[in-house]
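Raw contents of entry.txt, compact mmCIF, C-alpha atoms and all ligand atoms:
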```txt
# COMPACT_ATOMS: atom_id res chain seq x y z
CA MET A 1 20.14 -15.21 10.73
CA ASN A 2 23.51 -16.53 11.75
CA PHE A 3 25.15 -14.22 14.32
CA PRO A 4 27.44 -12.39 14.50
CA ILE A 5 26.77 -10.73 11.16
CA VAL A 6 29.99 -9.50 9.55
CA ALA A 7 29.84 -6.56 7.14
CA PRO A 8 33.16 -5.62 5.51
CA SER A 9 33.34 -1.93 4.56
CA ILE A 10 34.22 -1.35 0.93
CA LEU A 11 35.74 1.98 1.99
CA ALA A 12 38.91 0.07 2.87
CA ALA A 13 39.00 -1.89 -0.41
CA ASP A 14 41.43 -1.15 -3.22
CA PHE A 15 39.26 0.94 -5.57
CA ALA A 16 41.64 0.20 -8.44
CA ASN A 17 40.88 -3.49 -7.92
CA LEU A 18 37.31 -3.20 -6.78
CA GLN A 19 36.00 -6.25 -8.65
CA ARG A 20 38.78 -8.38 -7.16
CA ASP A 21 37.99 -7.16 -3.64
CA VAL A 22 34.23 -7.60 -4.06
CA GLU A 23 34.77 -11.15 -5.30
CA LEU A 24 37.03 -11.79 -2.34
CA ILE A 25 34.19 -10.87 0.02
CA ASN A 26 31.77 -13.00 -2.04
CA ARG A 27 34.01 -15.99 -1.33
CA SER A 28 34.35 -15.12 2.36
CA GLU A 29 32.04 -15.93 5.26
CA ALA A 30 30.94 -12.28 5.40
CA ASP A 31 27.20 -11.59 5.41
CA TRP A 32 26.81 -8.11 3.96
CA PHE A 33 28.75 -5.47 2.06
CA HIS A 34 28.90 -2.19 4.00
CA ILE A 35 28.81 0.84 1.69
CA ASP A 36 29.98 4.11 3.28
CA VAL A 37 28.70 7.19 1.50
CA MET A 38 30.17 10.52 2.72
CA ASP A 39 29.30 13.96 1.39
CA GLY A 40 32.04 16.16 2.84
CA VAL A 41 29.37 18.11 4.78
CA PHE A 42 27.94 15.76 7.37
CA VAL A 43 31.43 14.29 7.81
CA PRO A 44 34.77 15.88 6.89
CA ASN A 45 35.48 13.47 4.04
CA ILE A 46 34.07 12.50 0.65
CA SER A 47 34.01 8.81 -0.23
CA PHE A 48 31.98 7.80 -3.29
CA GLY A 49 28.48 7.75 -4.71
CA PHE A 50 26.29 5.89 -7.18
CA PRO A 51 28.83 4.89 -9.87
CA VAL A 52 31.01 3.07 -7.34
CA MET A 53 28.05 1.54 -5.54
CA GLU A 54 26.65 0.28 -8.83
CA ALA A 55 30.03 -1.22 -9.70
CA VAL A 56 29.99 -3.08 -6.39
CA ARG A 57 26.46 -4.23 -7.05
CA ARG A 58 27.36 -5.70 -10.44
CA HIS A 59 29.71 -8.18 -8.77
CA ALA A 60 28.38 -8.57 -5.22
CA THR A 61 26.48 -11.73 -4.29
CA LYS A 62 25.60 -10.51 -0.78
CA PRO A 63 23.23 -7.74 0.39
CA LEU A 64 24.40 -4.13 0.28
CA ASP A 65 24.14 -2.33 3.61
CA VAL A 66 24.32 1.37 2.78
CA HIS A 67 25.46 3.83 5.46
CA LEU A 68 24.62 7.40 4.47
CA MET A 69 26.85 9.97 6.16
CA ILE A 70 25.19 12.80 4.29
CA VAL A 71 22.93 15.74 5.14
CA GLN A 72 19.28 15.55 4.06
CA PRO A 73 19.49 11.85 3.20
CA GLU A 74 15.75 11.83 2.38
CA ARG A 75 16.64 13.33 -1.01
CA TYR A 76 18.49 10.19 -2.07
CA ILE A 77 16.62 7.27 -0.50
CA ASP A 78 14.84 6.21 -3.68
CA ALA A 79 18.02 6.48 -5.73
CA PHE A 80 19.94 4.27 -3.31
CA ALA A 81 17.10 1.76 -3.28
CA LYS A 82 17.19 1.67 -7.10
CA ALA A 83 20.97 1.30 -6.98
CA GLY A 84 20.48 -1.97 -5.11
CA ALA A 85 20.55 -1.20 -1.38
CA ALA A 86 19.09 -3.93 0.83
CA ALA A 87 19.35 -1.70 3.88
CA ILE A 88 19.73 2.06 4.15
CA THR A 89 21.00 3.63 7.35
CA VAL A 90 20.66 7.37 7.91
CA HIS A 91 22.09 9.38 10.78
CA TYR A 92 19.82 10.54 13.58
CA GLU A 93 21.80 13.80 13.55
CA ALA A 94 21.12 14.36 9.84
CA CYS A 95 17.33 13.96 9.94
CA THR A 96 14.87 16.62 11.05
CA HIS A 97 11.97 14.21 10.48
CA LEU A 98 13.58 10.89 11.23
CA HIS A 99 10.32 8.95 11.38
CA ARG A 100 9.36 10.19 7.93
CA THR A 101 12.75 9.24 6.50
CA LEU A 102 12.68 5.75 8.04
CA THR A 103 9.18 5.25 6.65
CA GLN A 104 10.41 6.37 3.25
CA ILE A 105 13.21 3.76 3.40
CA ARG A 106 10.75 0.96 4.15
CA GLU A 107 8.41 2.15 1.43
CA ALA A 108 11.34 1.95 -0.98
CA GLY A 109 11.58 -1.75 -0.08
CA CYS A 110 14.69 -1.59 2.09
CA ARG A 111 15.47 -2.32 5.71
CA ALA A 112 15.45 0.97 7.61
CA GLY A 113 18.49 1.79 9.71
CA VAL A 114 19.44 4.67 11.96
CA ALA A 115 22.98 5.50 13.09
CA LEU A 116 23.91 7.33 16.29
CA ASN A 117 26.99 9.48 16.63
CA MET A 118 28.96 9.37 19.86
CA GLN A 119 27.05 12.19 21.56
CA THR A 120 23.54 10.94 20.81
CA PRO A 121 22.03 8.95 23.69
CA VAL A 122 20.15 5.73 22.90
CA GLU A 123 17.04 7.26 24.49
CA ALA A 124 16.77 9.55 21.46
CA LEU A 125 15.21 6.54 19.70
CA ALA A 126 12.91 5.46 22.53
CA ASP A 127 9.71 6.60 20.81
CA LEU A 128 10.65 5.26 17.38
CA THR A 129 11.57 1.65 18.09
CA ASP A 130 8.88 0.37 15.72
CA ALA A 131 10.20 2.50 12.88
CA PHE A 132 13.61 0.93 12.26
CA ASP A 133 14.97 -2.54 11.51
CA GLN A 134 18.54 -1.89 12.55
CA VAL A 135 20.47 0.64 14.58
CA LEU A 136 24.12 1.44 14.07
CA ILE A 137 26.08 2.61 17.10
CA MET A 138 29.11 4.52 15.91
CA THR A 139 32.19 3.36 17.80
CA ILE A 140 34.30 6.15 16.27
CA ASN A 141 33.60 9.67 15.04
CA PRO A 142 32.57 8.90 11.45
CA GLY A 143 34.41 10.19 8.41
CA PHE A 144 37.44 7.98 8.10
CA GLY A 145 38.37 4.33 8.18
CA GLY A 146 41.28 3.09 10.22
CA GLN A 147 40.45 4.84 13.51
CA LYS A 148 40.61 3.33 16.98
CA LEU A 149 37.38 2.20 18.65
CA LEU A 150 36.35 4.62 21.41
CA PRO A 151 35.58 2.51 24.51
CA LEU A 152 32.89 4.88 25.78
CA SER A 153 30.69 3.61 22.95
CA ILE A 154 30.56 0.09 24.41
CA PRO A 155 28.13 0.72 27.30
CA LYS A 156 25.86 2.36 24.73
CA VAL A 157 25.46 -0.96 22.95
CA GLN A 158 24.27 -2.52 26.17
CA LYS A 159 21.88 0.39 26.83
CA MET A 160 20.46 0.02 23.33
CA GLN A 161 20.04 -3.70 23.82
CA ARG A 162 18.00 -3.02 26.98
CA LEU A 163 15.94 -0.30 25.35
CA LEU A 164 15.04 -2.56 22.42
CA ALA A 165 14.24 -5.49 24.71
CA MET A 166 11.90 -3.30 26.78
CA ALA A 167 10.14 -2.17 23.61
CA ARG A 168 10.00 -5.77 22.29
CA SER A 169 11.78 -4.66 19.15
CA ASN A 170 13.63 -7.15 16.95
CA ALA A 171 15.86 -4.47 15.45
CA LEU A 172 19.46 -5.50 14.97
CA ILE A 173 22.22 -3.59 16.74
CA GLY A 174 25.36 -2.87 14.73
CA VAL A 175 28.68 -1.24 15.51
CA ASP A 176 30.93 0.64 13.13
CA GLY A 177 34.51 1.78 13.49
CA GLY A 178 37.73 0.23 14.76
CA ILE A 179 36.34 -3.31 14.86
CA ASP A 180 38.92 -6.10 14.77
CA ALA A 181 39.40 -9.50 16.41
CA ARG A 182 40.58 -7.82 19.61
CA THR A 183 37.98 -5.05 19.97
CA MET A 184 34.99 -7.09 18.82
CA GLY A 185 34.72 -9.28 21.93
CA PRO A 186 33.46 -6.65 24.41
CA VAL A 187 30.99 -5.27 21.84
CA LEU A 188 29.67 -8.74 21.13
CA ASP A 189 29.25 -9.32 24.86
CA ALA A 190 27.39 -5.99 25.11
CA GLY A 191 24.76 -7.32 22.69
CA ALA A 192 25.70 -6.20 19.17
CA HIS A 193 24.46 -8.34 16.26
CA TYR A 194 26.37 -6.94 13.30
CA PHE A 195 29.89 -5.71 12.91
CA VAL A 196 31.24 -3.38 10.27
CA ALA A 197 34.94 -3.86 9.64
CA GLY A 198 37.04 -2.11 7.02
CA THR A 199 40.73 -1.92 7.83
CA SER A 200 40.86 -5.14 9.84
CA VAL A 201 39.52 -7.07 6.82
CA PHE A 202 41.03 -5.40 3.75
CA GLY A 203 44.25 -4.44 5.54
CA ALA A 204 44.83 -8.03 6.68
CA LYS A 205 47.38 -10.27 4.96
CA ASP A 206 44.59 -12.79 4.51
CA PRO A 207 41.18 -11.04 4.38
CA LEU A 208 39.33 -14.37 4.13
CA ASP A 209 40.91 -15.46 7.35
CA ALA A 210 40.21 -12.07 8.99
CA VAL A 211 36.50 -12.42 8.15
CA ARG A 212 36.47 -16.00 9.39
CA THR A 213 37.99 -14.94 12.72
CA LEU A 214 35.33 -12.25 13.25
CA LYS A 215 32.53 -14.56 12.14
CA HIS A 216 33.49 -17.27 14.63
CA LEU A 217 34.14 -15.05 17.63
CA ALA A 218 31.92 -16.27 20.48
CA PRO A 219 30.51 -14.19 23.34
CA THR A 220 32.35 -14.83 26.61
C1 LIG B 301 33.55 5.46 9.01
C2 LIG B 301 32.70 4.41 8.36
C3 LIG B 301 33.12 3.04 8.71
C4 LIG B 301 34.53 2.71 8.38
C5 LIG B 301 34.99 1.59 9.24
O1 LIG B 301 32.98 6.69 9.01
O2 LIG B 301 31.35 4.54 8.70
O3 LIG B 301 32.23 2.09 8.14
O4 LIG B 301 34.73 2.38 7.04
O5 LIG B 301 36.32 1.40 8.98
P1 LIG B 301 37.34 0.74 10.00
O6 LIG B 301 36.90 -0.66 10.20
O7 LIG B 301 38.64 0.88 9.28
O8 LIG B 301 37.28 1.55 11.27
ZN ZN B 302 29.97 2.83 8.00
```

Could you quickly redo this structure as structure tokens?
Ligand code: DX5
Ligand code: ZN
Amino acid sequence: MNFPIVAPSILAADFANLQRDVELINRSEADWFHIDVMDGVFVPNISFGFPVMEAVRRHATKPLDVHLMIVQPERYIDAFAKAGAAAITVHYEACTHLHRTLTQIREAGCRAGVALNMQTPVEALADLTDAFDQVLIMTINPGFGGQKLLPLSIPKVQKMQRLLAMARSNALIGVDGGIDARTMGPVLDAGAHYFVAGTSVFGAKDPLDAVRTLKHLAPT
């Protein structure tokens, strides 16, 4: 894998021109499509569900990284796998039996991911490091694109990196929220492998160039 992995979030695309925006990302140096699913319960916003994801899938030539901001995500794992997810990330805070849900994701043939909200310490995953393939550290309070990265999330990336190294886990560390060419540096230095970016890609004058800039950022 060629790091850093860049995952543009479709949430910031123009839904009236979704095919155009998906094809734009196909042509870019981005690695994954990030698909933000919100249910209006786990987070105070509703984004989209299967019809939109399937529309993305019809045109996308890169893996779909699905981020479920929904309660009881275990009810929908198989459906998202069938809809073309390469990876499915559920929230720690949304899962009573996280290990069971992560196992279910792998059994459905997808990479298993777990996301941590701001208040959840990395140690919450200490006993489960074998059960996930990627971990998403939220760098904002989820629910909306276009927010500012909260700096207190940065030391968490470093703590997660240490925890995974101690456990000899190869899980990838991702960050999500407020990532742009300016904020990405410190998070990259802290040890993150993949970077979700919505507004800084689709809101840019030249999204191809915005992706290229993120992709070629080097640790200091
Ligand atoms: C927010 C989502 C993010 C969001 C990132 O709840 O999980 O993926 O789309 O958007 P930006 O890059 O605009 O902060
Ligand atoms: Zn997301």

Within 9 Å of Ala12 (chain A) using all atoms listed in the file, minus same-chain residues under 6 positions, as an mmCIF file with C-alpha atoms, in the frame of the given file:
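So around31.cif came out as:
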```
data_model
loop_
_atom_site.group_PDB
_atom_site.id
_atom_site.type_symbol
_atom_site.label_atom_id
_atom_site.label_comp_id
_atom_site.auth_asym_id
_atom_site.auth_seq_id
_atom_site.Cartn_x
_atom_site.Cartn_y
_atom_site.Cartn_z
ATOM 1 C CA GLY A 145 38.370 4.330 8.180
ATOM 2 C CA GLY A 146 41.280 3.090 10.220
ATOM 3 C CA ALA A 197 34.940 -3.860 9.640
ATOM 4 C CA GLY A 198 37.040 -2.110 7.020
ATOM 5 C CA THR A 199 40.730 -1.920 7.830
ATOM 6 C CA SER A 200 40.860 -5.140 9.840
ATOM 7 C CA VAL A 201 39.520 -7.070 6.820
ATOM 8 C CA PHE A 202 41.030 -5.400 3.750
ATOM 9 C CA GLY A 203 44.250 -4.440 5.540
#
```

Using only C-alpha atoms and all ligand atoms, find each residue with an atom at most 9 Å away from ligand ZN 302 (chain B) and format the answer as an mmCIF file with C-alpha atoms, in the coordinates of the input.
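Below is the file that was written, result.cif:
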```cif
data_model
loop_
_atom_site.group_PDB
_atom_site.id
_atom_site.type_symbol
_atom_site.label_atom_id
_atom_site.label_comp_id
_atom_site.auth_asym_id
_atom_site.auth_seq_id
_atom_site.Cartn_x
_atom_site.Cartn_y
_atom_site.Cartn_z
ATOM 1 C CA SER A 9 33.340 -1.930 4.560
ATOM 2 C CA LEU A 11 35.740 1.980 1.990
ATOM 3 C CA HIS A 34 28.900 -2.190 4.000
ATOM 4 C CA ILE A 35 28.810 0.840 1.690
ATOM 5 C CA ASP A 36 29.980 4.110 3.280
ATOM 6 C CA VAL A 37 28.700 7.190 1.500
ATOM 7 C CA ASP A 65 24.140 -2.330 3.610
ATOM 8 C CA VAL A 66 24.320 1.370 2.780
ATOM 9 C CA HIS A 67 25.460 3.830 5.460
ATOM 10 C CA LEU A 68 24.620 7.400 4.470
ATOM 11 C CA MET A 69 26.850 9.970 6.160
ATOM 12 C CA LEU A 136 24.120 1.440 14.070
ATOM 13 C CA MET A 138 29.110 4.520 15.910
ATOM 14 C CA PRO A 142 32.570 8.900 11.450
ATOM 15 C CA GLY A 143 34.410 10.190 8.410
ATOM 16 C CA GLY A 145 38.370 4.330 8.180
ATOM 17 C CA VAL A 175 28.680 -1.240 15.510
ATOM 18 C CA ASP A 176 30.930 0.640 13.130
ATOM 19 C CA GLY A 177 34.510 1.780 13.490
ATOM 20 C CA VAL A 196 31.240 -3.380 10.270
ATOM 21 C CA ALA A 197 34.940 -3.860 9.640
ATOM 22 C CA GLY A 198 37.040 -2.110 7.020
#
```

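Nearest to ligand LIG 301 (chain B) of all the residues A:Thr120, A:Gln134, A:Ser47, A:Thr101 is A:Ser47, counting all atoms listed in the file.
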
Please measure the separation of CA of Leu217 (chain A) and CA of Ser153 (chain A), giving the value in Å to one decimal.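 Taking CA of Leu217 (chain A) and CA of Ser153 (chain A), their separation equals 19.7 Å.
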
Can you measure CA of Val52 (chain A) to CA of Gly178 (chain A) for me? One decimal in Å is fine. 23.3 Å

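If all atoms listed in the file are the atoms counted, then among A:Ile5, A:Val187, A:Cys95, A:Ala181 the closest residue to Pro155 (chain A) is A:Val187.
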
When you count all atoms listed in the file, which of these residues is closest to ligand LIG 301 (chain B): A:Phe33, A:Phe15, A:Tyr92, A:Phe80?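 So, comparing all the options, the nearest one is A:Phe33.
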
Protein/DNA/RNA residues near (28.9, 4.8, 16.9), cut 6 Å, all atoms listed in the file, as a compact mmCIF listing (two decimals) with C-alpha atoms, in the frame of the given file:
```
# COMPACT_ATOMS: atom_id res chain seq x y z
CA LEU A 116 23.91 7.33 16.29
CA ASN A 117 26.99 9.48 16.63
CA MET A 118 28.96 9.37 19.86
CA ILE A 137 26.08 2.61 17.10
CA MET A 138 29.11 4.52 15.91
CA THR A 139 32.19 3.36 17.80
CA ILE A 140 34.30 6.15 16.27
CA ASP A 176 30.93 0.64 13.13
```

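Pairwise distance (atom O6 of ligand LIG 301 (chain B), CA of Ala30 (chain A)) equals 13.9 Å.
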
Of the candidates A:Gln19, A:Gln72, A:Ser28, A:Thr96, which one gets nearest to Val56 (chain A) if we count only C-alpha atoms?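 Checking each of A:Gln19, A:Gln72, A:Ser28, A:Thr96 against Val56 (chain A), counting only C-alpha atoms, the winner is A:Gln19.
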
Measuring atom to atom with all atoms listed in the file, identify which of A:Ile25, A:Pro121, A:Pro44, A:Leu164 is nearest to ligand LIG 301 (chain B). A:Pro44

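The smallest atom-to-atom distance between Asn45 (chain A) and any of A:Val122, A:Asp78, A:Asn141, A:Val135, using all atoms listed in the file, is found for A:Asn141.
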
Using the file's own x, y and z axes, so that the box edges lie along x, y and z, what centre and edge lengths in Å (one decimal) does a box around every listed atom of region 167-175 of chain A get when 8 Å is added on each side? Give it as lines of an AutoDock Vina configuration file.
```
center_x = 19.3
center_y = -4.2
center_z = 19.2
size_x = 34.7
size_y = 21.9
size_z = 24.9
```

Which residues, written as a list in words, have at least one atom at most 6 Å from Tyr194 (chain A), with all atoms listed in the file counted and residues fewer than 5 positions away on the same chain left out? Pro4, Ile5, Val6 and Gly174 of chain A
